[in-house]
Amino acid sequence: MNWIRQNKLATFLIIIVLVLVLRNYLSGLFGVRLSSLPKQSAQIERMDVVSPSTKLGASMVPAAGGGIYPRQEYAPTERTDRLVVEESSMSLVTMKVQEVADKVVNYAKQAGGFMVSTSLTGVEEVPFATVVVRVPEEKFKETLDYCRKLAIRVVSENILGTDVTAEYVDIEARLATLEKTKAKFESIMEQATQIQDILQVQMELVSLQDQIDALKGRQKYLEQTAKLSKITVYLSADELALPYAPAKPFRPEAIFKQAVRSLVGTLRGLAKAGIWIGVYSVVWLPVVVIILLVRKWRKRKPAGIK
């Protein structure tokens, strides 16, 4: 503290240099880094069905002109050939994350399906992969059984079936009505003689065709998603990295692993900071040396000399 009081300028310069060097590492030094745990929210899935309405949410449907509106409730139907969209998500523990991910993709292709998306993170520490595939409906359960056999342990599994038969039937009825209306306007178009009437009828025909195209796109989307079931597989060598709630929240061995990873992250941050300080020594070291020499010269200077 005495040295700081006597060397305020040197202290100020040292503080500035340290702040400039360590500004990129302060958050890492004072916070716990669990970089091995993947951020599930960052996963983004590309469009996997050719229909323009594929990426609409479960509660949204396409409207004419490219817009969307909230999905309405459909009355139950007694149609025997049900249209059911099946989806599944699985969290698997495996020591060979990349190898298992490739096997899942290859199996889906051999079954007549395709890969929607795949991602791999944390390769250097705890690898984590997300694989999304679509397989034919008749191969759905078979593919799930194959994925289970690839894992050391299946920590969670969810299967969801959504019956869209009522919506499909409603779309058919609306398409029939729109087609009849379109035919009537076409007959009016043939009889129209005034330019204003012709333009007005053409606008109505364009609007009807937009609605028909939107409904046909939604109909095709429902057909394709019912034929090709979606399977999302989460793979990791660490159970805590998977998106599920552990049955036993308090696990000493898992807490120990997290503490070790945090320690390693902190030590890496300190090592990087030391390297930065060493590199910047060409800036701050001469300043410190000059200040020390000036102080030493002032102490040796005779009292009568100013």
# chains A, B, ... in the order shown; residues from 1 in each chain; ligands from 1
$ residues_around --residues "Ser229 of chain A" --least-positions-apart "2" --cutoff "8 Å" --atoms "only C-alpha atoms" --output "PyMOL selection string"
chain A and resi 85-87+134-137+140+225-227+231
$ closest_residue --among "A:Ala259, A:Val84, A:Leu285, A:Val279" --to "Leu160 of chain A" --atoms "only C-alpha atoms"
A:Val84
$ select_by_dssp --residues "segment 152-243 of chain A" --states "strand (DSSP E)" --output "PyMOL selection string"
chain A and resi 153-163+228-236
$ closest_residue --among "A:Asp163, A:Glu204, A:Glu223, A:Asp145" --to "Met189 of chain A" --atoms "only C-alpha atoms"
A:Glu204
$ atom_distance --atom1 "atom CA of Gly122 of chain A" --atom2 "atom CA of Ala273 of chain A"
22.8 Å
$ residues_around --residues "Arg174 of chain A" --least-positions-apart "5" --cutoff "12 Å" --atoms "only C-alpha atoms" --output "ChimeraX atom specification"
/A:167-169,179-181,208,211-216,219
$ write_last_selection --atoms "N, CA and C atoms" --output "PDB file, in the first residue's frame"
ATOM      1  N   GLU A 167     -58.538 -32.601 -39.756  1.00  0.00           N
ATOM      2  CA  GLU A 167     -58.060 -31.439 -40.512  1.00  0.00           C
ATOM      3  C   GLU A 167     -57.967 -31.763 -42.000  1.00  0.00           C
ATOM      4  N   TYR A 168     -57.488 -32.961 -42.313  1.00  0.00           N
ATOM      5  CA  TYR A 168     -57.353 -33.364 -43.713  1.00  0.00           C
ATOM      6  C   TYR A 168     -58.728 -33.404 -44.398  1.00  0.00           C
ATOM      7  N   VAL A 169     -59.721 -33.965 -43.704  1.00  0.00           N
ATOM      8  CA  VAL A 169     -61.076 -34.039 -44.252  1.00  0.00           C
ATOM      9  C   VAL A 169     -61.653 -32.634 -44.434  1.00  0.00           C
ATOM     10  N   GLU A 179     -63.251 -24.975 -55.405  1.00  0.00           N
ATOM     11  CA  GLU A 179     -63.211 -25.376 -56.808  1.00  0.00           C
ATOM     12  C   GLU A 179     -64.541 -25.066 -57.494  1.00  0.00           C
ATOM     13  N   LYS A 180     -65.667 -25.325 -56.792  1.00  0.00           N
ATOM     14  CA  LYS A 180     -66.981 -25.006 -57.349  1.00  0.00           C
ATOM     15  C   LYS A 180     -67.143 -23.506 -57.548  1.00  0.00           C
ATOM     16  N   THR A 181     -66.697 -22.745 -56.545  1.00  0.00           N
ATOM     17  CA  THR A 181     -66.787 -21.286 -56.656  1.00  0.00           C
ATOM     18  C   THR A 181     -65.932 -20.776 -57.809  1.00  0.00           C
ATOM     19  N   LEU A 208     -59.081 -16.816 -55.263  1.00  0.00           N
ATOM     20  CA  LEU A 208     -59.506 -18.201 -55.060  1.00  0.00           C
ATOM     21  C   LEU A 208     -58.372 -19.175 -55.331  1.00  0.00           C
ATOM     22  N   GLN A 211     -55.967 -19.311 -52.388  1.00  0.00           N
ATOM     23  CA  GLN A 211     -56.501 -20.121 -51.293  1.00  0.00           C
ATOM     24  C   GLN A 211     -56.420 -21.614 -51.607  1.00  0.00           C
ATOM     25  N   ILE A 212     -56.698 -21.966 -52.853  1.00  0.00           N
ATOM     26  CA  ILE A 212     -56.619 -23.375 -53.250  1.00  0.00           C
ATOM     27  C   ILE A 212     -55.181 -23.888 -53.148  1.00  0.00           C
ATOM     28  N   ASP A 213     -54.216 -23.090 -53.606  1.00  0.00           N
ATOM     29  CA  ASP A 213     -52.806 -23.496 -53.555  1.00  0.00           C
ATOM     30  C   ASP A 213     -52.341 -23.666 -52.111  1.00  0.00           C
ATOM     31  N   ALA A 214     -52.772 -22.742 -51.231  1.00  0.00           N
ATOM     32  CA  ALA A 214     -52.367 -22.835 -49.826  1.00  0.00           C
ATOM     33  C   ALA A 214     -52.929 -24.095 -49.177  1.00  0.00           C
ATOM     34  N   LEU A 215     -54.173 -24.397 -49.448  1.00  0.00           N
ATOM     35  CA  LEU A 215     -54.790 -25.589 -48.865  1.00  0.00           C
ATOM     36  C   LEU A 215     -54.185 -26.868 -49.432  1.00  0.00           C
ATOM     37  N   LYS A 216     -53.870 -26.870 -50.720  1.00  0.00           N
ATOM     38  CA  LYS A 216     -53.225 -28.041 -51.311  1.00  0.00           C
ATOM     39  C   LYS A 216     -51.820 -28.244 -50.733  1.00  0.00           C
ATOM     40  N   GLN A 219     -52.311 -29.769 -47.391  1.00  0.00           N
ATOM     41  CA  GLN A 219     -52.746 -31.154 -47.568  1.00  0.00           C
ATOM     42  C   GLN A 219     -51.554 -32.054 -47.911  1.00  0.00           C
TER      43      GLN A 219
END
$ closest_residue --among "A:Ile152, A:Ile255, A:Leu205, A:Val105" --to "Ala183 of chain A" --atoms "only C-alpha atoms"
A:Leu205
$ select_by_dssp --residues "segment 88-164 of chain A" --states "helix (DSSP H, G or I)" --output "PyMOL selection string"
chain A and resi 97-110+137-150
$ atom_distance --atom1 "atom CA of Thr121 of chain A" --atom2 "atom CA of Thr232 of chain A"
16.1 Å
$ closest_residue --among "A:Leu199, A:Ala166, A:Ile171, A:Val155" --to "Gly217 of chain A" --atoms "only C-alpha atoms"
A:Ile171
$ residues_around --residues "Tyr146 of chain A" --least-positions-apart "3" --cutoff "10 Å" --atoms "only C-alpha atoms" --output "ChimeraX atom specification"
/A:103-104,107,141-143,149-151
$ closest_residue --among "A:Gln191, A:Ser117, A:Ser281, A:Thr162" --to "Ala129 of chain A" --atoms "only C-alpha atoms"
A:Ser117
$ closest_residue --among "A:Ser262, A:Thr177, A:Thr94, A:Gln202" --to "Val233 of chain A" --atoms "only C-alpha atoms"
A:Thr94
$ atom_distance --atom1 "atom CA of Ser89 of chain A" --atom2 "atom CA of Asn158 of chain A"
5.3 Å
$ residues_around --residues "Leu235 of chain A" --least-positions-apart "2" --cutoff "9 Å" --atoms "only C-alpha atoms" --output "PyMOL selection string"
chain A and resi 90-94+96-98+100-101+127-131+151+233+237-238+241-242
$ write_last_selection --atoms "C-alpha atoms" --output "compact mmCIF listing (two decimals), in the first residue's frame"
# COMPACT_ATOMS: atom_id res chain seq x y z
CA MET A 90 -34.60 -40.30 -27.62
CA SER A 91 -31.71 -39.48 -25.28
CA LEU A 92 -28.96 -42.11 -25.50
CA VAL A 93 -25.69 -42.57 -23.62
CA THR A 94 -22.85 -43.85 -25.79
CA LYS A 96 -18.82 -43.36 -29.54
CA VAL A 97 -21.01 -40.38 -30.29
CA GLN A 98 -19.84 -39.63 -33.84
CA VAL A 100 -23.39 -43.88 -33.52
CA ALA A 101 -24.66 -40.68 -35.18
CA PRO A 127 -19.07 -34.87 -27.24
CA PHE A 128 -22.76 -34.26 -27.83
CA ALA A 129 -24.68 -34.91 -31.05
CA THR A 130 -28.20 -34.24 -32.24
CA VAL A 131 -29.45 -36.31 -35.17
CA ALA A 151 -26.77 -47.11 -26.81
CA VAL A 233 -31.82 -38.71 -31.31
CA ALA A 237 -21.08 -39.84 -23.34
CA ASP A 238 -22.27 -37.93 -20.27
CA ALA A 241 -25.38 -33.44 -21.12
CA LEU A 242 -28.61 -34.97 -22.43
$ residues_around --residues "Lys139 of chain A" --least-positions-apart "5" --cutoff "10 Å" --atoms "only C-alpha atoms" --output "number ranges by chain"
A: 108, 111-113, 134, 144, 228-229
